[in-house]
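Enquirer: Sending over a structure as structure tokens; questions will come in a sec.
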Amino acid sequence: VDVQKFHAEFVGNTLDANLKMRNPMSDPAIKSSILANVNLATLGQVIPLAEGEFYNGKLNADVSLDGRMSSSEKERYEEFNAKGTLQLSEMLYKSADLPNEVNIKSMLFRFSPKNLALENLDAKMGKSDFQANGTIDNYLGYYLGSEDDLLKGKFNFTSNKLDLDELMGTTTSSSTTAETPTETTSSEPLLIPDNIDFNLNTNINTLRYNNMDIKNIRGNVGMKEEVASLNNLTMNTMGGTVGLKGSYNTLNHEKPKIDFGYDLKELDIAELAKNFVTIEKLAPIAKYAQGKITSKFDMHSFLKPDFEPIYSSLTG
């Protein structure tokens with residue numbers, strides 16, 4: 001495959017690219033470069049946008065690839081030249097489907113033979129702000145090579161304030177509204193891929209959820225070898241401390257397994273009753289009580305495809 005030159009100009013923007021590929025089905029040898037400078041505010045002049053959709057900001061890309069796929073798969077990164085950057089700055093996106101506009105102050109991806117690095121992401125949406133960075137290893141082997149190639153990623157997510165009520169468009173307290181459960185008819189369990197190894201470290205100062213303010217959220221979420229894990233998640237809420245841990249294990253594709261545990265320390269009983277409809281239903285006297293509660297709980301169970309526990313396997 002040879003595309004010796006591709007050049008486009010539209011309303012002041014430019015796009016240049018080329019591509020040379022050999023042995024695309026066996027061991028792809030690829031040589032390509034992309035150079036783009038785009039003012040996102042001009043997109044509406046060249047492509048149809050949905051009603052209420054709006055873009056602003058700058059997109060700059062300068063990426064080049066040169067090497068054989070087998071070099072990346074065998075981690076001989078010095079034989080595969082992949083380099084460049086993809087950068088967004090002062091991007092503003094509006095849509096009728098979103099409760100608030102998305103403002104990406106800056107985002108920078110850097111490409112290398114070894115990994116794809118998100119060097120920084122600084123964004124806001126409504127009252128929420130978030131920052132992130134991290135790396136994805138073996139991205140070339142995963143996307144262009146075999147389905148068995150392992151995709152590894154490690155990310156850090158931080159936020160000073162994350163208002164999930166606003167982001168999800170909900171503000172009703174759970175103590176006053178009980179939603180009718182939606183019946184699930186899935187016949188296949190949700191499986192964790194065996195070729196993904198991801199880790200996400202989280203640090204959120206204030207989280208607003210269901211009219212509750214949750215402080216100092218710290219913890220790790222991981223996916224590896226068909227297991228999703230929640231590791232040492234801690235937070236301050238309702239006058240005390242909540243610790244959570246658990247895993248969802250799909251090594252047995254027919255019968256996934258869940259492990260879950262919590263560690264509650266000195267939570268205010270009245271606050272529990274106010275914020276959780278389950279407490280009010282099972283122990284209505286709690287809303288008249290004063291004091292604090294400390295509790296530990298662990299449970300293990302196999303699951304049906306619709307995530308309902310198999311009760312004969314449930315232990316706690």
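Labeling convention for the structure tokens: chains A, B, ... as they appear, residues from 1 per chain, ligands from 1 in order of appearance.
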Quick one: residues within 12 Å of segment 291-293 of chain A, only C-alpha atoms, excluding same-chain residues fewer than 5 positions away - as a list in words?
Expert: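 Here the answer would be Met238, Gly239, Gly240, Thr241, Val242, Asp263, Leu264, Lys265, Glu266, Leu267, Asp268, Ile269, Ala270, Glu271, Leu272, Ala273 and Ala286 of chain A.
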Enquirer: Can you pull out every residue from segment 40-274 of chain A that DSSP, working from the backbone, puts in helix (DSSP H, G or I), and format the result as a VMD selection string?
Expert: chain A and resid 40 to 45 69 to 73 77 to 79 139 to 144 164 to 168 269 to 274
Enquirer: Record the distance separating atom CA of Asp149 of chain A and atom CA of Asp27 of chain A, expressed in Å with one decimal.
Expert: 14.2 Å
Enquirer: I need the residue nearest Asn231 of chain A from this list: A:Met168, A:Val277, A:Val38, A:Leu200. Use only C-alpha atoms for the distance.
Expert: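 For Asn231 of chain A, the nearest of the given residues is A:Leu200.
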Enquirer: Need to verify the contact set: Asp129 of chain A, 12 Å, only C-alpha atoms, exclusion of same-chain residues closer than 3 positions in sequence. Can you return it as number ranges by chain?
Expert: A: 102-105, 121-126, 132, 157-164, 167, 204-207
Enquirer: Give me the residues near segment 12-15 of chain A as a PyMOL selection string, where near means some atom within 12 Å (using only C-alpha atoms) and where sequence neighbours in that chain fewer than 6 positions away do not count.
Expert: chain A and resi 5-6+33-43+45-46+58-63
Enquirer: Could you list, as a ChimeraX atom specification, every residue within 9 Å of Tyr311 of chain A, counting only C-alpha atoms and ignoring same-chain residues fewer than 3 positions away?
Expert: /A:301-303,308,314-315
Enquirer: Store the residues of this selection in a file with N, CA, C and O atoms, as a CSV table (one decimal), in the first residue's frame.
Expert:
```
chain,number,residue,atom,x,y,z
A,301,SER,N,-19.2,-14.6,46.7
A,301,SER,CA,-20.3,-15.3,46.0
A,301,SER,C,-20.0,-15.5,44.6
A,301,SER,O,-19.3,-14.7,43.9
A,302,PHE,N,-20.4,-16.6,44.0
A,302,PHE,CA,-20.5,-16.7,42.6
A,302,PHE,C,-21.7,-16.0,42.1
A,302,PHE,O,-22.7,-15.7,42.8
A,303,LEU,N,-21.7,-15.6,40.8
A,303,LEU,CA,-22.8,-14.7,40.2
A,303,LEU,C,-23.4,-15.4,39.0
A,303,LEU,O,-22.8,-16.1,38.2
A,308,GLU,N,-26.8,-11.4,39.7
A,308,GLU,CA,-27.5,-11.8,40.9
A,308,GLU,C,-26.6,-12.9,41.6
A,308,GLU,O,-26.1,-13.8,40.9
A,314,LEU,N,-23.1,-18.1,48.6
A,314,LEU,CA,-22.9,-16.8,49.3
A,314,LEU,C,-22.4,-17.1,50.7
A,314,LEU,O,-23.0,-17.8,51.5
A,315,THR,N,-21.3,-16.5,51.1
A,315,THR,CA,-20.8,-16.5,52.4
A,315,THR,C,-20.4,-15.1,52.8
A,315,THR,O,-20.0,-14.3,52.0
```
Enquirer: Select, from A:Ala228, A:Leu98, A:Met235, A:Ile30, the residue with the minimum atom-to-atom distance to Asp259 of chain A, counting only C-alpha atoms.
Expert: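 Distance minimum relative to Asp259 of chain A lands on A:Ala228.
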